[in-house]
>>> print(open('run_31.txt').read())   # compact mmCIF, C-alpha atoms
# COMPACT_ATOMS: atom_id res chain seq x y z
CA MET A 674 12.84 -11.88 42.81
CA ASN A 675 12.55 -15.66 42.64
CA ALA A 676 13.99 -17.90 39.95
CA LYS A 677 10.68 -18.19 38.10
CA GLU A 678 10.24 -14.41 37.88
CA ASN A 679 13.83 -14.06 36.82
CA ASN A 680 13.34 -16.56 34.00
CA GLN A 681 10.21 -14.76 32.85
CA ASN A 682 12.06 -11.46 32.70
CA VAL A 683 14.87 -13.03 30.70
CA MET A 684 12.33 -14.47 28.26
CA LYS A 685 10.62 -11.08 27.92
CA ASP A 686 13.94 -9.41 27.18
CA GLU A 687 14.77 -12.06 24.59
CA ASP A 688 11.34 -11.63 23.05
CA LYS A 689 11.74 -7.88 22.88
CA GLY A 690 15.14 -8.34 21.25
CA LEU A 691 13.61 -10.63 18.66
CA ASP A 692 10.74 -8.21 18.03
CA GLU A 693 13.20 -5.41 17.39
CA LYS A 694 15.17 -7.60 15.00
CA ILE A 695 11.99 -8.51 13.13
CA TYR A 696 10.91 -4.88 12.96
CA ARG A 697 14.34 -3.80 11.73
CA ALA A 698 14.39 -6.55 9.12
CA MET A 699 10.99 -5.39 7.89
CA ILE A 700 12.33 -1.85 7.58
CA GLU A 701 15.20 -3.17 5.48
CA MET A 702 12.80 -5.21 3.39
CA GLY A 703 10.61 -2.18 2.86
CA TRP A 704 7.59 -3.71 4.59
CA VAL A 705 7.18 -0.80 6.99
CA PHE A 706 7.61 2.94 6.48
CA PRO A 707 10.90 4.14 7.97
CA GLN A 708 10.13 6.34 10.98
CA THR A 709 13.51 7.33 12.35
CA VAL A 710 16.54 9.02 10.79
CA GLU A 711 18.42 5.74 10.96
CA GLU A 712 15.61 3.84 9.27
CA VAL A 713 15.35 6.45 6.54
CA GLU A 714 19.07 6.08 5.93
CA ILE A 715 18.61 2.32 5.54
CA ALA A 716 15.75 2.86 3.10
CA GLU A 717 17.72 5.40 1.06
CA GLU A 718 20.66 3.02 0.84
CA ARG A 719 18.35 0.26 -0.32
CA MET A 720 16.91 2.55 -3.00
CA ASP A 721 20.40 3.41 -4.19
CA GLN A 722 21.33 -0.26 -4.34
CA GLU A 723 18.22 -1.11 -6.29
CA ASN A 724 18.98 1.82 -8.52
CA ALA A 725 15.27 2.19 -9.03
CA ALA A 726 13.95 4.70 -11.49
CA PRO A 727 11.53 7.25 -10.07
CA HIS A 728 8.05 5.85 -9.62
CA THR A 729 9.03 2.41 -10.85
CA GLY A 730 6.00 0.41 -11.85
CA LEU A 731 3.66 3.37 -11.54
CA PRO A 732 2.36 5.87 -14.03
CA THR A 733 3.54 9.46 -13.88
CA ALA A 734 3.26 10.96 -10.42
CA PRO A 735 0.86 13.82 -9.85
CA THR A 736 2.31 17.29 -9.51
CA ALA A 737 2.21 19.39 -6.37
CA GLU A 738 -0.36 21.51 -8.18
CA ASP A 739 -2.61 18.44 -8.58
CA ILE A 740 -2.49 17.85 -4.87
CA LEU A 741 -3.11 21.48 -4.00
CA LYS A 742 -6.14 21.37 -6.30
CA ARG A 743 -7.36 18.25 -4.57
CA MET A 744 -7.07 19.97 -1.21
CA ALA A 745 -8.87 23.03 -2.53
CA ALA A 746 -11.66 20.83 -3.88
CA ALA A 747 -11.98 19.06 -0.56
CA ASN A 748 -12.10 22.36 1.32
CA SER A 749 -14.75 23.72 -1.02
CA GLY A 750 -17.15 20.97 -0.05
CA ALA A 751 -16.50 18.53 -2.84
CA PRO A 752 -14.66 15.76 -1.04
CA ALA A 753 -12.31 13.83 -3.30
CA ALA A 754 -13.26 10.64 -1.53
CA GLU A 755 -16.86 11.06 -2.58
CA GLN A 756 -15.81 11.81 -6.13
CA THR A 757 -13.74 8.65 -6.08
CA GLN A 758 -16.62 6.61 -4.70
CA GLN A 759 -18.87 7.74 -7.50
CA LYS A 760 -16.36 6.74 -10.16
CA GLN A 761 -15.59 3.17 -9.36
CA SER A 762 -14.48 0.89 -12.15
CA LEU A 763 -16.35 -2.33 -12.86
CA LEU A 764 -13.75 -4.58 -11.25
CA SER A 765 -13.32 -2.38 -8.17
CA MET A 766 -17.08 -2.28 -7.71
CA LEU A 767 -17.46 -6.04 -8.08
CA ARG A 768 -14.59 -6.76 -5.70
CA GLU A 769 -15.96 -4.41 -3.09
CA ARG A 770 -19.55 -5.57 -3.29
CA ALA A 771 -18.95 -9.30 -3.69
CA LYS A 772 -15.93 -9.31 -1.39
CA MET A 773 -14.21 -11.75 -3.69
CA LYS A 774 -10.92 -11.85 -5.52
CA ALA A 775 -10.82 -10.90 -9.17
CA SER A 776 -10.05 -14.46 -10.22
CA ALA A 777 -13.05 -15.80 -8.28
CA ILE A 778 -15.33 -13.14 -9.76
CA ALA A 779 -14.12 -13.95 -13.25
CA GLU A 780 -14.86 -17.61 -12.66
CA CYS A 781 -18.39 -16.81 -11.49
CA LEU A 782 -18.93 -14.75 -14.63
CA GLY A 783 -17.56 -17.49 -16.87
CA VAL A 784 -14.70 -15.34 -18.16
CA THR A 785 -10.99 -15.11 -17.48
CA ALA A 786 -9.40 -12.65 -15.09
CA PRO A 787 -7.49 -10.86 -17.90
CA PHE A 788 -10.74 -10.39 -19.81
CA LEU A 789 -12.51 -9.03 -16.73
CA SER A 790 -9.62 -6.71 -15.98
CA ASP A 791 -9.52 -5.48 -19.58
CA ILE A 792 -13.23 -4.79 -19.91
CA SER A 793 -13.03 -2.92 -16.63
CA SER A 794 -10.04 -0.84 -17.69
CA HIS A 795 -11.23 -0.18 -21.24
CA SER A 796 -14.95 0.05 -20.71
CA ALA A 797 -15.34 2.64 -23.46
CA ALA A 798 -14.37 -0.05 -25.96
CA ILE A 799 -16.95 -2.56 -24.74
CA PRO A 800 -20.08 -2.99 -26.89
CA LEU A 801 -23.45 -2.54 -25.21
CA ARG A 802 -24.44 -6.16 -25.81
CA ILE A 803 -21.38 -7.34 -23.90
CA ARG A 804 -22.04 -4.93 -21.05
CA LYS A 805 -25.56 -6.29 -20.77
CA GLU A 806 -24.35 -9.89 -20.78
CA ILE A 807 -21.79 -9.19 -18.06
CA ALA A 808 -24.47 -7.38 -16.06
CA ARG A 809 -26.84 -10.32 -16.44
CA ARG A 810 -24.21 -12.83 -15.36
CA ALA A 811 -23.04 -10.69 -12.43
CA THR A 812 -26.57 -10.27 -11.13
CA ALA A 813 -27.18 -13.99 -11.39
CA SER A 814 -23.97 -15.22 -9.84
CA LEU A 815 -22.60 -12.56 -7.46
CA PRO A 816 -24.10 -11.37 -4.19
CA GLY A 817 -25.18 -7.76 -3.77
CA ILE A 818 -24.93 -6.76 -7.44
CA THR A 819 -27.64 -5.30 -9.64
CA GLU A 820 -27.59 -4.92 -13.40
CA GLN A 821 -27.77 -1.18 -12.95
CA ASP A 822 -24.60 -1.23 -10.82
CA VAL A 823 -22.72 -3.03 -13.54
CA LEU A 824 -23.99 -0.90 -16.40
CA GLU A 825 -23.17 2.27 -14.50
CA SER A 826 -19.69 1.10 -13.64
CA PHE A 827 -19.02 0.54 -17.33
CA SER A 828 -19.30 4.26 -17.74
CA HIS A 829 -16.31 4.74 -15.40
CA ASN A 830 -13.19 3.83 -17.30
CA SER A 831 -10.39 3.17 -14.82
CA TYR A 832 -8.01 5.00 -17.12
CA GLU A 833 -9.86 8.18 -16.36
CA PRO A 834 -8.52 10.43 -13.61
CA ILE A 835 -10.17 8.81 -10.64
CA ALA A 836 -8.77 8.05 -7.24
CA ALA A 837 -5.56 9.97 -7.52
CA PHE A 838 -7.30 13.08 -8.80
CA ARG A 839 -5.30 13.16 -11.95
CA ASP A 840 -5.78 15.97 -14.41
CA LYS A 841 -4.47 13.87 -17.25
CA PRO A 842 -5.53 10.30 -17.84
CA PHE A 843 -2.90 7.62 -18.05
CA GLU A 844 -1.70 7.15 -21.58
CA GLU A 845 -4.43 5.08 -23.22
CA GLU A 846 -3.30 2.23 -25.40
CA ASN A 847 -4.92 1.67 -28.77
CA ILE A 848 -7.39 -1.01 -27.82
CA ASN A 849 -10.66 -2.37 -29.11
CA TYR A 850 -13.00 -5.11 -28.01
CA GLU A 851 -11.63 -7.67 -30.46
CA LYS A 852 -8.12 -7.21 -29.11
CA ILE A 853 -9.41 -7.65 -25.60
CA VAL A 854 -11.03 -10.95 -26.52
CA LEU A 855 -7.98 -12.18 -28.41
CA ARG A 856 -5.65 -11.58 -25.46
CA SER A 857 -8.09 -12.90 -22.88
CA ASP A 858 -6.54 -16.37 -22.43
CA MET A 859 -9.94 -17.86 -23.24
CA SER A 860 -10.29 -20.93 -25.42
CA ASP A 861 -10.85 -20.39 -29.14
CA GLU A 862 -14.43 -21.49 -28.78
CA ARG A 863 -15.14 -19.01 -26.00
CA GLN A 864 -13.39 -16.26 -27.90
CA ARG A 865 -15.66 -16.92 -30.87
CA TYR A 866 -18.67 -16.78 -28.56
CA TRP A 867 -17.72 -13.42 -27.06
CA LEU A 868 -16.91 -11.97 -30.47
CA SER A 869 -20.15 -13.14 -32.01
CA LEU A 870 -22.13 -11.85 -29.07
CA ALA A 871 -20.85 -8.36 -29.76
CA ASN A 872 -22.23 -8.63 -33.29
CA GLU A 873 -25.73 -9.35 -32.02
CA GLU A 874 -26.28 -5.66 -31.40
CA MET B 317 16.71 20.20 -12.28
CA GLU B 318 13.29 19.13 -11.09
CA THR B 319 12.97 21.70 -8.35
CA GLU B 320 12.35 25.12 -9.68
CA ILE B 321 13.93 27.97 -7.80
CA ILE B 322 11.22 30.20 -6.47
CA THR B 323 12.22 33.42 -4.82
CA HIS B 324 10.11 34.59 -1.96
CA GLY B 325 11.29 38.03 -0.89
CA ALA B 326 14.80 37.51 0.38
CA LEU B 327 14.12 33.82 0.78
CA VAL B 328 14.96 31.33 -1.94
CA ILE B 329 12.39 28.62 -1.39
CA SER B 330 14.49 25.91 -2.98
CA GLU B 331 17.22 26.56 -0.44
CA ALA B 332 14.93 26.69 2.56
CA SER B 333 15.20 23.96 5.17
CA ASP B 334 12.38 21.46 5.51
CA GLU B 335 11.54 22.96 8.87
CA LEU B 336 11.16 26.41 7.32
CA LEU B 337 9.02 25.02 4.50
CA LEU B 338 6.75 23.36 7.03
CA ASN B 339 6.59 26.57 9.05
CA LEU B 340 5.43 28.39 5.91
CA MET B 341 2.80 25.71 5.36
CA ALA B 342 1.68 25.98 8.97
CA ASN B 343 1.23 29.70 8.42
CA ARG B 344 -1.11 29.16 5.46
CA ASN B 345 -4.01 31.04 7.00
CA ASN B 346 -1.94 34.21 6.90
CA ASP B 347 -0.03 33.65 3.68
CA GLN B 348 -1.60 31.08 1.38
CA ALA B 349 0.69 31.78 -1.59
CA SER B 350 3.88 31.18 0.39
CA ALA B 351 2.40 28.06 1.93
CA GLU B 352 1.65 26.66 -1.51
CA GLN B 353 5.11 27.51 -2.81
CA ALA B 354 6.59 25.83 0.24
CA PHE B 355 4.40 22.77 -0.30
CA THR B 356 5.47 22.53 -3.94
CA GLU B 357 9.13 22.61 -2.95
CA PHE B 358 8.61 20.13 -0.09
CA TYR B 359 6.69 17.76 -2.35
CA ASN B 360 9.25 17.89 -5.14
CA ARG B 361 12.02 17.32 -2.63
CA HIS B 362 10.51 14.20 -1.09
CA LYS B 363 8.06 12.74 -3.59
CA ARG B 364 10.44 10.24 -5.15
CA TYR B 365 11.42 8.88 -1.77
CA VAL B 366 7.82 8.64 -0.56
CA PHE B 367 6.60 7.09 -3.81
CA LEU B 368 9.29 4.43 -3.83
CA THR B 369 8.84 3.68 -0.15
CA ALA B 370 5.08 3.49 -0.50
CA CYS B 371 5.33 1.20 -3.52
CA LYS B 372 7.50 -1.17 -1.54
CA THR B 373 5.53 -1.00 1.68
CA ALA B 374 2.10 -1.28 0.11
CA ASN B 375 3.14 -3.86 -2.44
CA GLY B 376 0.77 -6.79 -2.44
CA LEU B 377 -1.68 -4.88 -0.28
CA PHE B 378 -2.93 -2.13 -2.56
CA ASP B 379 -3.23 -1.53 -6.28
CA ASP B 380 -1.48 1.34 -8.04
CA ASP B 381 -4.37 3.77 -7.63
CA GLU B 382 -4.45 3.11 -3.92
CA LYS B 383 -0.69 3.55 -3.63
CA PHE B 384 -1.02 6.88 -5.42
CA ASP B 385 -3.69 7.90 -3.00
CA LEU B 386 -1.59 6.86 -0.04
CA VAL B 387 1.26 9.07 -1.24
CA GLN B 388 -0.98 12.02 -1.95
CA GLU B 389 -2.78 11.71 1.35
CA THR B 390 0.57 11.57 3.12
CA PHE B 391 1.52 14.94 1.64
CA ILE B 392 -1.92 16.38 2.25
CA ARG B 393 -1.72 15.31 5.90
CA ALA B 394 1.78 16.79 6.11
CA TYR B 395 0.42 20.09 4.81
CA GLU B 396 -2.47 20.07 7.23
CA LYS B 397 -0.33 18.98 10.18
CA ALA B 398 2.74 21.04 9.33
CA HIS B 399 2.46 22.85 12.66
CA THR B 400 3.14 19.57 14.50
CA PHE B 401 6.56 19.11 12.92
CA LYS B 402 9.40 19.59 15.39
CA GLY B 403 12.72 20.40 13.79
CA ALA B 404 15.81 18.73 15.16
CA ALA B 405 18.20 21.66 14.60
CA LEU B 406 20.55 19.48 12.60
CA ASP B 407 23.47 21.14 10.86
CA ASP B 408 23.83 18.41 8.32
CA THR B 409 21.32 18.88 5.50
CA THR B 410 21.27 15.15 4.76
CA GLN B 411 20.31 14.35 8.33
CA GLU B 412 17.77 17.17 8.31
CA ARG B 413 16.19 15.72 5.17
CA ARG B 414 16.03 12.31 6.83
CA TRP B 415 14.41 13.83 9.89
CA ALA B 416 11.62 15.23 7.70
CA ARG B 417 11.30 11.91 5.89
CA ALA B 418 11.03 10.05 9.18
CA TRP B 419 8.14 12.37 10.07
CA LEU B 420 6.54 11.70 6.70
CA GLY B 421 7.06 8.00 7.37
CA LYS B 422 5.04 8.21 10.59
CA ILE B 423 2.22 9.93 8.72
CA ALA B 424 2.32 7.42 5.87
CA ASN B 425 2.44 4.49 8.26
CA ASN B 426 -0.64 5.69 10.15
CA LEU B 427 -2.49 6.23 6.89
CA LEU B 428 -1.50 2.79 5.68
CA VAL B 429 -2.80 1.16 8.85
CA ASP B 430 -6.05 3.14 8.55
CA LYS B 431 -6.46 2.06 4.95
CA MET B 432 -5.80 -1.55 5.84
CA ARG B 433 -8.47 -1.39 8.53
CA LYS B 434 -10.96 0.07 6.09
CA LYS B 435 -10.20 -2.43 3.38
CA LYS B 436 -11.58 -5.57 4.92
CA GLY B 437 -9.91 -8.76 3.98
CA ILE B 438 -6.59 -7.16 3.25
CA LEU B 439 -5.09 -7.91 6.62
CA LEU B 440 -5.06 -11.62 6.20
CA LEU B 441 -5.67 -14.25 3.64
CA SER B 442 -8.65 -16.41 4.28
CA TYR B 443 -7.74 -19.13 6.71
CA ASP B 444 -8.98 -21.60 4.13
CA ASP B 445 -6.66 -20.19 1.51
CA GLU B 446 -3.51 -20.49 3.51
CA ARG B 447 -0.79 -22.41 1.82
CA VAL B 448 1.15 -23.76 4.75
CA LYS B 449 4.72 -24.57 3.97
CA PRO B 450 5.30 -28.19 4.86
CA GLU B 451 7.69 -28.77 7.70
CA ALA B 452 10.11 -30.54 5.39
CA GLU B 453 10.21 -27.55 3.08
CA TRP B 454 10.86 -25.30 6.02
CA ASN B 455 13.70 -27.51 7.23
CA ARG B 456 15.25 -27.61 3.77
CA ALA B 457 15.14 -23.83 3.64
CA VAL B 458 16.85 -23.65 7.01
CA ALA B 459 19.51 -26.08 5.91
CA LYS B 460 20.39 -24.38 2.65
CA ALA B 461 20.29 -20.77 3.76
CA PRO B 462 23.73 -19.26 3.49
CA ARG B 463 25.44 -17.99 6.62
CA SER B 464 25.26 -14.23 6.79
CA SER B 465 24.69 -11.45 9.24
CA GLU B 466 22.01 -11.90 11.84
CA GLN B 467 19.83 -9.23 10.29
CA ARG B 468 20.02 -10.85 6.92
CA LEU B 469 19.05 -14.12 8.57
CA VAL B 470 15.97 -12.49 10.08
CA GLN B 471 14.97 -11.33 6.62
CA GLU B 472 15.49 -14.80 5.24
CA ALA B 473 13.41 -16.25 8.03
CA LEU B 474 10.60 -13.78 7.35
CA GLU B 475 10.63 -14.70 3.68
CA GLN B 476 10.16 -18.34 4.63
CA LEU B 477 7.00 -17.70 6.63
CA THR B 478 3.58 -18.39 5.19
CA GLU B 479 1.80 -15.41 3.71
CA LYS B 480 -0.61 -15.34 6.61
CA GLU B 481 2.20 -15.33 9.14
CA GLN B 482 3.97 -12.61 7.22
CA ARG B 483 0.86 -10.46 7.17
CA ILE B 484 0.22 -10.87 10.87
CA LEU B 485 3.79 -9.89 11.74
CA ARG B 486 3.59 -7.07 9.22
CA LEU B 487 0.43 -5.73 10.77
CA ALA B 488 2.09 -5.86 14.18
CA ALA B 489 5.16 -4.10 12.79
CA LEU B 490 3.03 -1.36 11.24
CA ASN B 491 1.69 -0.67 14.71
CA TYR B 492 5.15 -0.77 16.28
CA SER B 493 7.29 2.21 17.10
CA PRO B 494 10.98 1.86 17.94
CA GLY B 495 11.25 1.47 21.70
CA ASP B 496 7.88 -0.25 22.11
CA LYS B 497 7.82 -3.26 24.40
CA GLU B 498 6.72 -5.70 21.75
CA LEU B 499 5.26 -6.27 18.32
CA ARG B 500 1.59 -6.33 19.07
CA ILE B 501 -1.66 -6.18 17.14
CA PRO B 502 -4.12 -3.69 18.63
CA ASP B 503 -7.21 -5.21 20.20
CA SER B 504 -9.46 -3.43 17.71
CA ASP B 505 -7.67 -5.13 14.83
CA LEU B 506 -7.71 -8.47 16.61
CA ASP B 507 -11.46 -8.15 17.07
CA GLU B 508 -11.98 -7.35 13.42
CA LEU B 509 -9.73 -10.13 12.23
CA ALA B 510 -11.39 -12.61 14.53
CA THR B 511 -14.83 -11.58 13.28
CA THR B 512 -13.87 -11.43 9.62
CA TYR B 513 -12.28 -14.84 9.59
CA ASP B 514 -14.44 -16.46 12.21
CA VAL B 515 -11.54 -17.52 14.38
CA SER B 516 -10.71 -16.68 17.95
CA LYS B 517 -8.38 -13.86 18.88
CA ALA B 518 -6.28 -16.49 20.59
CA SER B 519 -5.84 -18.21 17.25
CA ILE B 520 -4.48 -15.05 15.69
CA ARG B 521 -2.16 -14.46 18.63
CA GLN B 522 -1.05 -18.07 18.30
CA THR B 523 -0.24 -17.54 14.63
CA LYS B 524 1.88 -14.53 15.55
CA LYS B 525 3.63 -16.47 18.27
CA ARG B 526 4.28 -19.37 15.92
CA ALA B 527 5.70 -17.03 13.31
CA LYS B 528 8.10 -15.53 15.83
CA GLU B 529 9.14 -18.96 16.99
CA LYS B 530 9.92 -19.91 13.43
CA VAL B 531 12.12 -16.84 13.09
CA ARG B 532 13.81 -17.60 16.39
CA ASN B 533 14.42 -21.23 15.42
CA TYR B 534 15.78 -20.17 12.06
CA LEU B 535 18.23 -17.84 13.75
CA GLU B 536 19.28 -20.38 16.33
CA ALA B 537 19.84 -23.01 13.69
CA ARG B 538 22.05 -20.69 11.67
CA LEU B 539 23.92 -18.97 14.46
CA GLN B 540 24.90 -22.05 16.44
>>> encode(input="run_31.txt", output="structure tokens")
Amino acid sequence: MNAKENNQNVMKDEDKGLDEKIYRAMIEMGWVFPQTVEEVEIAEERMDQENAAPHTGLPTAPTAEDILKRMAAANSGAPAAEQTQQKQSLLSMLRERAKMKASAIAECLGVTAPFLSDISSHSAAIPLRIRKEIARRATASLPGITEQDVLESFSHNSYEPIAAFRDKPFEEENINYEKIVLRSDMSDERQRYWLSLANEE
Amino acid sequence: METEIITHGALVISEASDELLLNLMANRNNDQASAEQAFTEFYNRHKRYVFLTACKTANGLFDDDEKFDLVQETFIRAYEKAHTFKGAALDDTTQERRWARAWLGKIANNLLVDKMRKKKGILLLSYDDERVKPEAEWNRAVAKAPRSSEQRLVQEALEQLTEKEQRILRLAALNYSPGDKELRIPDSDLDELATTYDVSKASIRQTKKRAKEKVRNYLEARLQ
């Protein structure tokens, strides 16, 4: 082995060492699923240190029964994935079709991201006139969207049991369209516009 | 107590080892009821761990619904692939539990990578969107980082990388198994990334290389 080859091997070894350190650091940071007993131990210790409550930041976890039902449904020829596909919320549909971030979509529609998120999550509370206006704007300003797509997606409230095959919806907050407008971060003038538009029905 | 004790003949399901539970699941074609009882116990035993791990791992990549799905699909895959589980004959129940969780981790990791591939645009930020940390900012971060263990330093270095660099290394790490030669991004992912963002594969490899160099330099600066 000549000196050049020797140097290359040393560099490869150093690189491998660095890669392992990076991988291990990512395990400790929770960026990668632990896949060995040692890595699981690290993850468990981190969880203990963080003293996290179960399912922090997430709604109630499904039960084993929920999952068994989902499997049974899939095996009986009603794939959960298809069911999910059919029940896409407004925002999910727009993001998927337009391939844009929520904030960019909101800008195209002339609304704020919180407003867009809220009308998507609480579609049952959205007056028909508003749905039509959002559909009109989406068709005019976003690629690959039809008014029908938007109006249909309004019928799929994201608080319904969708992707995770929930039997019980998340706890629904007491919300109405006026509240959505008032917490939308829009200017007073735009808030007045969106409120008055609802009254045009 | 969250786990309900279910008696199954002479067997108390709640006291069964993970390997036995998975054996019962693998035998579902012959005994569906026992398989479902075993699944319920296995799920209740590990769901908190998997949920918390998934929340952390998928944070910033997926929304809550998608994280839920990832967890559920992990357990569904575990049920379907229960026959592939190889017990380690560990006497220590804690170690045995970790062995099962490591297996679940492999399943979850594969599912996560699959989901990332399907969800275009998640792997990287747009190249136009990248907020590159100015060199001066990077140097300041190096200078003020407290001295600590090498591993902690690697974490600090990773936190200093741009989001794009982090995601590229993360993608490589998700495809890495302990003992592999290097952190690498599969060619199929490189192709997709190159197409999606209209850059060359070499450019993506270069970003990964640059990210690693930054980590190396950070370590060298702190460990000298």
>>> residues_near_point(input="run_31.txt", point="(-17.0, -0.4, -10.3)", cutoff="8 Å", atoms="all atoms listed in the file", output="list in words")
Lys760, Gln761, Ser762, Leu763, Leu764, Ser765, Met766, Leu767, Ser793, Asp822, Val823, Glu825, Ser826, Phe827 and His829 of chain A
>>> write_last_selection(input="run_31.txt", atoms="C-alpha atoms", output="PDB file, in the coordinates of the input")
ATOM      1  CA  LYS A 760     -16.360   6.740 -10.160  1.00  0.00           C
ATOM      2  CA  GLN A 761     -15.590   3.170  -9.360  1.00  0.00           C
ATOM      3  CA  SER A 762     -14.480   0.890 -12.150  1.00  0.00           C
ATOM      4  CA  LEU A 763     -16.350  -2.330 -12.860  1.00  0.00           C
ATOM      5  CA  LEU A 764     -13.750  -4.580 -11.250  1.00  0.00           C
ATOM      6  CA  SER A 765     -13.320  -2.380  -8.170  1.00  0.00           C
ATOM      7  CA  MET A 766     -17.080  -2.280  -7.710  1.00  0.00           C
ATOM      8  CA  LEU A 767     -17.460  -6.040  -8.080  1.00  0.00           C
ATOM      9  CA  SER A 793     -13.030  -2.920 -16.630  1.00  0.00           C
ATOM     10  CA  ASP A 822     -24.600  -1.230 -10.820  1.00  0.00           C
ATOM     11  CA  VAL A 823     -22.720  -3.030 -13.540  1.00  0.00           C
ATOM     12  CA  GLU A 825     -23.170   2.270 -14.500  1.00  0.00           C
ATOM     13  CA  SER A 826     -19.690   1.100 -13.640  1.00  0.00           C
ATOM     14  CA  PHE A 827     -19.020   0.540 -17.330  1.00  0.00           C
ATOM     15  CA  HIS A 829     -16.310   4.740 -15.400  1.00  0.00           C
TER      16      HIS A 829
END
>>> residues_around(input="run_31.txt", residues="region 400-411 of chain B", least_positions_apart="5", cutoff="9 Å", atoms="only C-alpha atoms", output="MDAnalysis selection string")
(chainID A and resid 710 714) or (chainID B and resid 333:336 338:339 342 394 416 419)
>>> closest_residue(input="run_31.txt", among="B:Glu472, B:Glu536, B:Glu389, B:Glu498", to="chain A", atoms="only C-alpha atoms")
B:Glu498
>>> interface_residues(input="run_31.txt", of="chain B", to="chain A", cutoff="8 Å", atoms="only C-alpha atoms", output="ChimeraX atom specification")
/B:352,355-356,359-360,364-365,367-370,372-374,380-382,384-385,388,392,411,414-415,417-422,424-425,467-468,470-471,474,486,489-490,492-494,497-499,528,532
>>> residues_around(input="run_31.txt", residues="Arg521 (chain B)", least_positions_apart="2", cutoff="9 Å", atoms="only C-alpha atoms", output="PyMOL selection string")
chain B and resi 484+500-501+506+516-519+523-526
>>> atom_distance(input="run_31.txt", atom1="CA of Ser857 (chain A)", atom2="CA of Leu377 (chain B)")
24.8 Å
>>> residues_around(input="run_31.txt", residues="Asn343 (chain B)", least_positions_apart="2", cutoff="12 Å", atoms="all atoms listed in the file", output="list in words")
Leu336, Leu337, Leu338, Asn339, Leu340, Met341, Asn345, Asn346, Asp347, Gln348, Ala349, Ser350, Ala351, Glu352, Ala354, Phe355, Tyr395, Glu396, Lys397, Ala398, His399 and Thr400 of chain B
>>> closest_residue(input="run_31.txt", among="B:Asn426, B:Thr511, B:Gln522, B:Ser465", to="Leu485 (chain B)", atoms="all atoms listed in the file")
B:Gln522
>>> axis_aligned_box(input="run_31.txt", around="region 326-330 of chain B", padding_each_side="3 Å", output="JSON")
{"center_x": 13.7, "center_y": 31.7, "center_z": -1.1, "size_x": 8.6, "size_y": 17.6, "size_z": 9.8}
>>> atom_distance(input="run_31.txt", atom1="CA of Arg770 (chain A)", atom2="CA of Ile803 (chain A)")
20.8 Å
